[in-house]
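Notes for the one structure printed next.
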Amino acid sequence: MTAYQVHLFDAAAGAMVEADLHDEIAEKQLIDWQFQWRPAVQAYMKRLVDNGIGPADTAWPQSWHWDWRGKMNEVRGLLGHTGYSVVCRDVTQGMMRLDLASRRARLDSQAGQDLVYVDYLEVAPWNWREPYADAPIYRLVGPVLMHAAITRSVDEGFKGRVGLHSLPQAIPFYERCGFTNLGTRPDEYEGKLPYFESTPGAAEAYLKGELK
Amino acid sequence: MSKRTMTLNLTDAEMGVLEGLCAKKDLSKIGVIRQALRLYQMVDVRLERGDKLFFEDDKTKDKSEVMML
């Protein structure tokens, strides 16, 4: 495992703080997910219910059912999959699973080329910016993970090409990342999740910090 | 991540295919070989689990099974 120093924004302190980007999702991350993320998600959903918000509402967290232990068990030992995690003050703040091998680019300008596909990306629930959530503790977790995905794509020789299907709640984030929205397909995720893809140009702009 | 070096001897035909894939995929030789290894392992693991490997015609939706015995 390799750890890289990154920076998050500590909202309470109003300052940047050091954090670690790990090129793996280890047991520590899964324990944090199980015993810290899950209870926080449950508490948030209880708050939603108390405010009359149910699963059919757009405010309902769309990743609430994600089982990170199961997701990592699915790909354990496979060279074509890898994970990244962000840790700050010894607590996991975000996780991402990547597929390095089995997806191909769809944009006309790069159709058929290899890319890094983001299987899943999630930040800890106390960092969510949602209408009924408390103010996020750390910001920039998602951008740090997206930076890692693009950097991995460059390192693999994929020129920064990254693809993913976005939950509806995350669409504005990927638009801010400069990804192209190719829309939904009826044969994928029940036609509910639009597909986004970055080009080498968009990736370069993201890595240079030209997009926020 | 530590890396190890090996020498790979290929026939002219194999090298031709490798170079063709490099050009088509805009990847280095090691990039193509790395992707091939990832996919080969993924297919092998899925087949060992009892899954089947199919190619599907995107237009006709006809499926043809790739028999790996």
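Residue numbering restarts at 1 in every chain; chains get A, B, ... in the order shown in the structure tokens, and ligands count up from 1 in that same order.
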
Handout entry: range 30-207 of chain A: residues DSSP assigns to alpha helix (DSSP H), reported as a ChimeraX atom specification
Key = /A:30-32,38-50,68-74,141-155,171-176,200-207

Serialized selection, C-alpha atoms, as a tab-separated table (two decimals), in the first residue's frame:
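Once everything was written out, this is out-v7.tsv:
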chain	number	residue	atom	x	y	z
A	30	LEU	CA	-14.28	-1.56	5.98
A	31	ILE	CA	-14.38	-1.39	9.78
A	32	ASP	CA	-14.84	2.38	9.60
A	38	ARG	CA	-23.40	2.83	8.65
A	39	PRO	CA	-24.68	4.23	11.96
A	40	ALA	CA	-24.34	7.77	10.62
A	41	VAL	CA	-26.33	6.86	7.51
A	42	GLN	CA	-29.00	5.22	9.66
A	43	ALA	CA	-29.22	8.32	11.86
A	44	TYR	CA	-29.49	10.54	8.78
A	45	MET	CA	-32.28	8.42	7.31
A	46	LYS	CA	-34.09	8.52	10.65
A	47	ARG	CA	-33.88	12.30	10.50
A	48	LEU	CA	-35.31	12.23	6.98
A	49	VAL	CA	-38.19	10.01	8.08
A	50	ASP	CA	-38.87	12.34	11.02
A	68	TRP	CA	-18.51	-1.89	0.78
A	69	ARG	CA	-17.37	-5.15	2.32
A	70	GLY	CA	-19.35	-7.08	-0.25
A	71	LYS	CA	-18.15	-4.84	-3.06
A	72	MET	CA	-14.52	-5.41	-2.15
A	73	ASN	CA	-15.00	-9.13	-1.64
A	74	GLU	CA	-16.35	-9.33	-5.22
A	141	VAL	CA	-13.05	14.27	-0.43
A	142	GLY	CA	-14.85	13.60	-3.72
A	143	PRO	CA	-12.50	15.81	-5.76
A	144	VAL	CA	-9.47	14.12	-4.16
A	145	LEU	CA	-10.79	10.69	-5.19
A	146	MET	CA	-11.61	11.91	-8.70
A	147	HIS	CA	-8.10	13.33	-8.95
A	148	ALA	CA	-6.82	9.86	-8.01
A	149	ALA	CA	-8.97	8.19	-10.69
A	150	ILE	CA	-7.74	10.56	-13.40
A	151	THR	CA	-4.13	10.25	-12.24
A	152	ARG	CA	-4.43	6.46	-12.33
A	153	SER	CA	-5.78	6.71	-15.87
A	154	VAL	CA	-2.76	8.78	-16.90
A	155	ASP	CA	-0.38	6.36	-15.15
A	171	ILE	CA	-24.71	14.43	-11.42
A	172	PRO	CA	-23.81	18.06	-10.54
A	173	PHE	CA	-20.48	16.86	-9.13
A	174	TYR	CA	-19.43	15.08	-12.32
A	175	GLU	CA	-20.59	18.01	-14.41
A	176	ARG	CA	-18.32	20.25	-12.32
A	200	PRO	CA	-7.78	13.71	-22.12
A	201	GLY	CA	-8.42	17.43	-22.39
A	202	ALA	CA	-10.99	17.49	-19.61
A	203	ALA	CA	-8.72	15.33	-17.47
A	204	GLU	CA	-5.78	17.65	-17.98
A	205	ALA	CA	-7.92	20.64	-17.05
A	206	TYR	CA	-9.09	18.86	-13.90
A	207	LEU	CA	-5.57	17.94	-12.85

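Taking only C-alpha atoms, the non-local environment of Leu18 in chain B within 8 Å (same-chain residues fewer than 3 positions away omitted) comprises Glu14, Met15, Leu21, Cys22, Lys29 and Val32 of chain B.
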
List every residue of chain B that has an atom at most 7 Å from any atom of chain A, giving for each one its closest atom pair and the distance in Å to one decimal, counting only C-alpha atoms, sorted by chain and then by ascending residue number, as CSV.
residue,atom,partner,partner_atom,distance
B:Lys25,CA,A:Gln113,CA,5.5
B:Leu27,CA,A:Gly157,CA,6.0
B:Gly31,CA,A:Gly157,CA,6.8
B:Gln35,CA,A:Ala101,CA,5.8
B:Arg38,CA,A:Gly80,CA,4.9
B:Leu39,CA,A:Ala101,CA,6.3
B:Met42,CA,A:Leu78,CA,6.6

Handout entry: Contacts of Tyr195 in chain A at 12 Å (only C-alpha atoms; same-chain gap of 3+ positions) as a VMD selection string
Key = chain A and resid 105 to 107 117 to 119 162 to 168 170 to 171 174 to 175 179 to 186 188 to 189 191 to 192 198

Export, as a short mmCIF file (atom, residue, chain, number, x, y, z; two decimals), in the first residue's frame, the selected residues with N, CA, C and O atoms.
data_model
loop_
_atom_site.label_atom_id
_atom_site.label_comp_id
_atom_site.auth_asym_id
_atom_site.auth_seq_id
_atom_site.Cartn_x
_atom_site.Cartn_y
_atom_site.Cartn_z
N ALA A 105 -14.14 3.22 -23.72
CA ALA A 105 -14.67 4.56 -23.89
C ALA A 105 -15.80 4.58 -24.92
O ALA A 105 -15.82 3.76 -25.85
N ARG A 106 -16.72 5.51 -24.74
CA ARG A 106 -17.90 5.60 -25.61
C ARG A 106 -17.96 6.88 -26.43
O ARG A 106 -18.63 6.92 -27.45
N LEU A 107 -17.35 7.94 -25.95
CA LEU A 107 -17.37 9.19 -26.72
C LEU A 107 -16.81 8.95 -28.11
O LEU A 107 -15.82 8.22 -28.26
N TYR A 117 -12.68 2.94 -15.16
CA TYR A 117 -14.11 3.06 -14.87
C TYR A 117 -14.30 3.11 -13.35
O TYR A 117 -13.79 2.24 -12.63
N VAL A 118 -15.03 4.11 -12.89
CA VAL A 118 -15.30 4.24 -11.46
C VAL A 118 -16.54 3.40 -11.15
O VAL A 118 -17.66 3.79 -11.47
N ASP A 119 -16.30 2.26 -10.52
CA ASP A 119 -17.42 1.40 -10.13
C ASP A 119 -18.27 2.09 -9.05
O ASP A 119 -19.50 2.13 -9.15
N VAL A 162 -11.68 8.60 -18.14
CA VAL A 162 -12.38 7.99 -17.00
C VAL A 162 -13.86 7.93 -17.36
O VAL A 162 -14.40 8.86 -17.95
N GLY A 163 -14.50 6.83 -17.03
CA GLY A 163 -15.93 6.70 -17.25
C GLY A 163 -16.63 6.25 -15.98
O GLY A 163 -16.01 5.68 -15.08
N LEU A 164 -17.91 6.54 -15.91
CA LEU A 164 -18.69 6.12 -14.73
C LEU A 164 -20.18 6.32 -14.99
O LEU A 164 -20.56 7.12 -15.85
N HIS A 165 -20.97 5.58 -14.25
CA HIS A 165 -22.41 5.84 -14.20
C HIS A 165 -22.69 6.59 -12.90
O HIS A 165 -22.25 6.15 -11.83
N SER A 166 -23.41 7.65 -12.99
CA SER A 166 -23.63 8.52 -11.83
C SER A 166 -25.00 8.30 -11.21
O SER A 166 -26.01 8.23 -11.93
N LEU A 167 -25.02 8.25 -9.88
CA LEU A 167 -26.31 8.36 -9.20
C LEU A 167 -26.88 9.75 -9.50
O LEU A 167 -26.11 10.72 -9.62
N PRO A 168 -28.19 9.88 -9.61
CA PRO A 168 -28.76 11.20 -9.92
C PRO A 168 -28.29 12.30 -8.97
O PRO A 168 -28.04 13.44 -9.40
N ALA A 170 -25.48 12.70 -7.70
CA ALA A 170 -24.07 13.07 -7.92
C ALA A 170 -23.84 13.73 -9.27
O ALA A 170 -22.71 14.14 -9.57
N ILE A 171 -24.88 13.87 -10.07
CA ILE A 171 -24.71 14.43 -11.42
C ILE A 171 -24.04 15.81 -11.40
O ILE A 171 -23.09 16.05 -12.17
N TYR A 174 -20.19 15.51 -11.14
CA TYR A 174 -19.43 15.08 -12.32
C TYR A 174 -19.49 16.12 -13.43
O TYR A 174 -18.57 16.22 -14.24
N GLU A 175 -20.55 16.90 -13.46
CA GLU A 175 -20.59 18.01 -14.41
C GLU A 175 -19.52 19.04 -14.05
O GLU A 175 -18.81 19.55 -14.93
N PHE A 179 -16.78 16.32 -16.91
CA PHE A 179 -17.11 15.11 -17.65
C PHE A 179 -18.26 15.38 -18.62
O PHE A 179 -19.11 16.22 -18.37
N THR A 180 -18.27 14.62 -19.71
CA THR A 180 -19.36 14.71 -20.68
C THR A 180 -20.47 13.74 -20.29
O THR A 180 -20.21 12.56 -20.03
N ASN A 181 -21.70 14.25 -20.26
CA ASN A 181 -22.85 13.41 -19.92
C ASN A 181 -23.40 12.80 -21.20
O ASN A 181 -23.91 13.50 -22.07
N LEU A 182 -23.28 11.47 -21.32
CA LEU A 182 -23.79 10.78 -22.50
C LEU A 182 -25.21 10.25 -22.30
O LEU A 182 -25.73 9.53 -23.16
N GLY A 183 -25.80 10.55 -21.17
CA GLY A 183 -27.18 10.18 -20.93
C GLY A 183 -27.34 8.74 -20.48
O GLY A 183 -26.37 8.02 -20.23
N THR A 184 -28.60 8.33 -20.39
CA THR A 184 -28.92 6.98 -19.91
C THR A 184 -29.15 6.04 -21.08
O THR A 184 -29.40 6.48 -22.20
N ARG A 185 -29.08 4.73 -20.80
CA ARG A 185 -29.46 3.72 -21.77
C ARG A 185 -30.43 2.77 -21.09
O ARG A 185 -30.23 2.41 -19.91
N PRO A 186 -31.48 2.37 -21.78
CA PRO A 186 -32.50 1.55 -21.12
C PRO A 186 -31.98 0.20 -20.62
O PRO A 186 -32.55 -0.37 -19.69
N GLU A 188 -29.15 -0.28 -19.15
CA GLU A 188 -28.17 -0.11 -18.07
C GLU A 188 -28.83 0.52 -16.85
O GLU A 188 -29.41 1.61 -16.94
N TYR A 189 -28.72 -0.15 -15.74
CA TYR A 189 -29.23 0.39 -14.47
C TYR A 189 -30.67 0.90 -14.60
O TYR A 189 -31.01 1.99 -14.13
N GLY A 191 -32.10 2.24 -16.84
CA GLY A 191 -32.22 3.53 -17.52
C GLY A 191 -32.19 4.71 -16.58
O GLY A 191 -32.58 5.82 -16.97
N LYS A 192 -31.70 4.50 -15.35
CA LYS A 192 -31.77 5.58 -14.35
C LYS A 192 -30.45 6.32 -14.15
O LYS A 192 -30.45 7.43 -13.62
N SER A 198 -14.72 11.32 -19.26
CA SER A 198 -13.78 12.43 -19.43
C SER A 198 -12.90 12.17 -20.66
O SER A 198 -12.62 11.03 -21.00
#

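Note that the spacing between CA of Thr11 in chain B and CA of Tyr40 in chain B amounts to 20.3 Å.
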
Exercise for the section: Run DSSP on the backbone and give me the residues of chain B it puts in strand (DSSP E or B), as a PyMOL selection string. Expected result: chain B and resi 54-56+63-65

Fill in the blank from the handout: Atom pair CA of Ala19 in chain A + CA of Val6 in chain A, distance 5.2 Å
